[in-house]
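A.B. asks: One structure follows; several queries about it will come next.
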Amino acid sequence: MLDNLEEIEYNGLLNKIKEVRVDGYVIMQICATKIDESYEVLYSFGKDYDVRHVKITIEPGTHIPSITDIFPAAYLYENEMHDLFGIEIDGINHDYKGGLYRTAVETPFA
Amino acid sequence: MKISKSPWLLHYDGSSCNGCDIEVLAATTPRFDVERFGIINTGNPRHADIFLCTGGVNSQNQDVVRQIYDQMPDPKVVLACGICACDGGIFKDCYNILGGTDTVIPVDVYVPGCAVRPEALIDGVVKALKILDEKAEKMKKGEYRSLTSDEYAEKLYGDPQEAVPEASASGDKEEKNAG
Amino acid sequence: MASKRSVIPFGPQHPVLPEPIHIDLITEDEKVVEAVPSIGFVHRGLEHLVTKKDFGEMVYVAERICGICSFGHGYGYVNAVEHIMGIEPTQRAKYIRTLLFELSRMHSHILWLGLMADAFGFESLFMETWKHRERVLDMLEWATGGRVIFSIMRLGGLRKDVPDEILKSFLPELDKIEEGIRACEKAFLSDPAVLSRLKGVGYLSKEDAISLGCEGPFLRASGVARDNRMRGYAAYKDVDFDIITSDDGDSYGRCYVRIQEIYQSASIIRQCIEKIPDEGIYVPIKGFPNGEYMTVIEQPRGGACYYVHASGKKFIERMRVRTPTFANIPALAKTLQGCDVADVPILVVTIDPCISCTER
């Protein structure tokens, strides 16, 4: 029911994000959801009042690439996703290494 | 001179939603004017007599709350402001919330409400002033001293969460009064 | 001689903020060369409560994300779930929601003006602005019964109606507030001592504001005309208002935008009171939500995204809130670069940080 949603494979992520960036969108949010045993990662982008989403579905333990080379401001969202869901993200420009949220339970959403 | 004529107040935001903090601030502004009781909002625990704690205690800030409490000189009173500080409130079930303020430090006055209303807060502060005077009175006679947060933890949970320093209780007290 | 770099920790306990945020300021003499924000002191993990509270109760949890923008948070969550369930609230409910939303915006902006005055050391101006804020809180109390957290929101409409007499009684109050704010405005926008603390401090260019994903008055003060109210949710499509921007891009611009938005909110409230239809306020809901949706609304601090993923059960799978302060932190780190250490408190306040929103 999300408008403008594209579901893609995770290895095509960076190319897709580059495409989005070329179209003039900026990052709005990144969010993970645990559905049964896999994770859905939703990237949302905005341009004026348009919103578009890119969704990937990954299995636990999958490493996904960071998009901070393309959108430098995405680092907080990626760190948040790592801290709360335990999703491994490679190459974040400001990697807090699990120190963004210091939670009593490790990866509470996983 | 009674200490309750000019108590200084310290406010710390545990993990509250900000609602109670804003009401604590509002209580110091012209409409409610808690300053009429001689109360000044201070930022330094060493100067404070009343500790207002809002929000539940989480694993992140429990040491901060304990440290602030231990730094305050005797006599001191602690107010738990809002239902989250009283017992965890709506966030009680959250993974990161340990519970109310009284899970880490002794609380003298509980002020419920979501968010706490400034009127209730003033009422709580006035009650706290009475307790403050009683404590000061007892202290003069040498009958009373506040528990440190370590002693409180020991009393509450049986075994201290951290090793209690070897210093005797009276030595601890003198050091605090000096501070 | 090369300057020596030192790290100055800012926060978590800082007199300028009632809430804890921590920033490591890497400085060369008095200049900040880099700022590394770190958050997490008030993290409660309330998004995880979706496993313990059903989708109707989550409205009240959502409202308690933040005590300042609580109405907006309740609205954002309700809007997303209503969209998933295909519920269309009545016009009256929409108008009351819009009206309460604007009252919340007024109280938040006035609150911010006070904190700003406190940050540049003008204590009496802080007291003055907060005096006017109490009027807004009175109106909210007449309408809902609560001062900062209202719990009037409900899936399908509102929990109770706001009678017309109460709505009418808002009109003289709004005039008084506007009058009071106009008096304070002189101090904020033309007092030389205040201007010296605001003008040219913390400049953020239009390009940076867009590319760093800024939101709200912070974005509009850099000359970008974007206001999510223009998306036309609730009754915003029926009322008339313009986007307020400023080309200054500095702290003065942010102050200007927020002050003008107070008047704008008052105007929207007047229009709502004038146009509000007389009908029910609640549409019954059936079944459980199934689907996903993301709604974007304009909070006092900027655009906020509410993502809800439900799968036809009593408990929804995921609620995710992206709050404006979260989006503004990268830009804050950027504006802090190159500023003086003495200006850091002011700059942190200019984004109107709401830490409990950010960390949830």
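As shown in the structure tokens, the chain order sets the letters A, B, ...; within each chain, residues go from 1, and ligands are also counted from 1 in the order they appear.
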Just need the residues of chain A within 8 Å of chain B, counting only C-alpha atoms, so spit them out as a PyMOL selection string.

C.D. replies: chain A and resi 102-105+108

A.B. asks: Run DSSP on the backbone and grab whatever in region 15-91 of chain A lands in alpha helix (DSSP H); send it over as an NGL selection string.

C.D. replies: :A and (15-22 or 75-85)

A.B. asks: Pick out the closest residue to Tyr12 (chain B) from this set: B:Ile40, B:Met139, B:Val78, B:Val126. Count only C-alpha atoms.

C.D. replies: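 Checking each candidate against Tyr12 (chain B), we get B:Val78 as the closest.
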
A.B. asks: Which residues of chain B come within 8 Å of chain C, and what is each one's closest atom pair and distance in Å (one decimal), counting only C-alpha atoms, sorted by chain and residue number, as CSV?

C.D. replies:
residue,atom,partner,partner_atom,distance
B:Tyr12,CA,C:Pro18,CA,7.7
B:Asp13,CA,C:Glu19,CA,6.0
B:Gly14,CA,C:Val42,CA,6.7
B:Ser15,CA,C:Val42,CA,4.2
B:Ser16,CA,C:Val42,CA,7.0
B:Cys17,CA,C:Cys66,CA,4.6
B:Asn18,CA,C:Gly67,CA,4.8
B:Gly19,CA,C:Gly67,CA,3.6
B:Cys20,CA,C:Gly67,CA,7.4
B:Asp21,CA,C:Pro18,CA,6.8
B:Ile22,CA,C:Gly67,CA,7.7
B:Ala26,CA,C:Trp130,CA,7.5
B:Thr29,CA,C:Met127,CA,5.8
B:Pro30,CA,C:Lys131,CA,6.3
B:Arg31,CA,C:Lys131,CA,6.6
B:Gly43,CA,C:Pro15,CA,6.2
B:Asn58,CA,C:Arg44,CA,7.1
B:Gln60,CA,C:Phe41,CA,5.9
B:Asn61,CA,C:Phe41,CA,6.3
B:Ile90,CA,C:Val61,CA,7.1
B:Phe91,CA,C:Leu46,CA,6.8
B:Asp93,CA,C:Leu49,CA,7.2
B:Cys94,CA,C:Gly45,CA,5.7
B:Tyr95,CA,C:Gly45,CA,6.3
B:Asn96,CA,C:Arg44,CA,5.1
B:Ile97,CA,C:Arg44,CA,6.0
B:Cys114,CA,C:Ile149,CA,7.0
B:Ala115,CA,C:Ile149,CA,6.3
B:Arg117,CA,C:Arg147,CA,7.8

A.B. asks: When the cut-off is 10 Å and we count only C-alpha atoms, which residues of chain A are near chain C, given as an NGL selection string?

C.D. replies: :A and (1-3 or 24-36 or 42 or 44-51 or 53 or 71-77 or 80 or 84 or 94 or 96 or 99-104 or 108-109)

A.B. asks: Determine, counting only C-alpha atoms, which protein, DNA and RNA residues have an atom within 10 Å of an atom of Asn11 (chain A); residues of the same chain fewer than 5 positions away are not included. Present the result as a CSV table (one decimal) with all heavy atoms, in the first residue's frame.

C.D. replies:
chain,number,residue,atom,x,y,z
A,16,LYS,N,20.7,1.2,-7.4
A,16,LYS,CA,19.4,1.9,-7.3
A,16,LYS,C,19.4,3.2,-6.5
A,16,LYS,O,18.9,4.2,-7.0
A,16,LYS,CB,18.5,0.9,-6.5
A,16,LYS,CG,17.0,1.3,-6.5
A,16,LYS,CD,16.4,0.9,-7.8
A,16,LYS,CE,15.4,1.9,-8.3
A,16,LYS,NZ,15.1,1.6,-9.7
A,56,ILE,N,14.4,-3.6,0.5
A,56,ILE,CA,15.2,-4.9,0.3
A,56,ILE,C,14.8,-5.8,1.4
A,56,ILE,O,14.4,-5.4,2.5
A,56,ILE,CB,16.7,-4.7,0.2
A,56,ILE,CG1,17.2,-4.0,1.5
A,56,ILE,CG2,17.1,-3.8,-1.0
A,56,ILE,CD1,18.7,-3.9,1.6
A,64,ILE,N,25.0,-5.6,4.5
A,64,ILE,CA,24.6,-4.8,3.4
A,64,ILE,C,25.5,-3.6,3.4
A,64,ILE,O,26.1,-3.2,4.4
A,64,ILE,CB,23.1,-4.3,3.6
A,64,ILE,CG1,22.8,-3.6,4.9
A,64,ILE,CG2,22.1,-5.5,3.4
A,64,ILE,CD1,21.5,-3.0,5.0
A,65,PRO,N,25.7,-3.0,2.2
A,65,PRO,CA,26.6,-1.9,2.0
A,65,PRO,C,26.0,-0.6,2.6
A,65,PRO,O,24.7,-0.4,2.5
A,65,PRO,CB,26.8,-1.8,0.5
A,65,PRO,CG,25.6,-2.4,-0.1
A,65,PRO,CD,25.1,-3.4,0.9

A.B. asks: Please identify which residues in chain B DSSP calls strand (DSSP E) from the backbone, and express them as a PyMOL selection string.

C.D. replies: chain B and resi 8-13+40-42+50-54+57-58+77-81+97-99+109-111

A.B. asks: What are the closest atom pairs, with distances in Å to one decimal, for each residue of region 12-126 of chain B lying within 10 Å of region 147-159 of chain B, using only C-alpha atoms, rows by chain and rising residue number, as a tab-separated table?

C.D. replies:
residue	atom	partner	partner_atom	distance
B:Asp63	CA	B:Ser149	CA	9.7
B:Val65	CA	B:Ser149	CA	9.3
B:Arg66	CA	B:Ser149	CA	5.9
B:Gln67	CA	B:Ser149	CA	8.2
B:Ile68	CA	B:Ser149	CA	9.9
B:Tyr69	CA	B:Ser149	CA	7.3
B:Asp70	CA	B:Thr148	CA	6.0
B:Gln71	CA	B:Thr148	CA	9.5
B:Asp74	CA	B:Leu147	CA	9.8
B:Asp102	CA	B:Tyr152	CA	9.4
B:Thr103	CA	B:Ala153	CA	8.0
B:Val104	CA	B:Ala153	CA	6.6
B:Ile105	CA	B:Ser149	CA	5.5
B:Pro106	CA	B:Tyr152	CA	6.8

A.B. asks: Just give me the gap between CA of Leu25 (chain C) and CA of Phe10 (chain C) in Å, one decimal is fine.

C.D. replies: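 So the two atoms, CA of Leu25 (chain C) and CA of Phe10 (chain C), lie 6.9 Å apart.
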
A.B. asks: Write out as a PyMOL selection string which residues come within 6 Å of Thr107 (chain A) when counting only C-alpha atoms, dropping same-chain ones fewer than 3 positions away.

C.D. replies: chain A and resi 83-86+110

A.B. asks: Can you tell me which residues surround region 156-173 of chain C at a distance of at most 6 Å, considering only C-alpha atoms, apart from same-chain residues fewer than 4 positions away, and format the answer as a list in words?

C.D. replies: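 Listed by chain and then number, they are Pro89, Ala93, Ala143, Ile152, Ile281, Tyr282 and Val283 of chain C.
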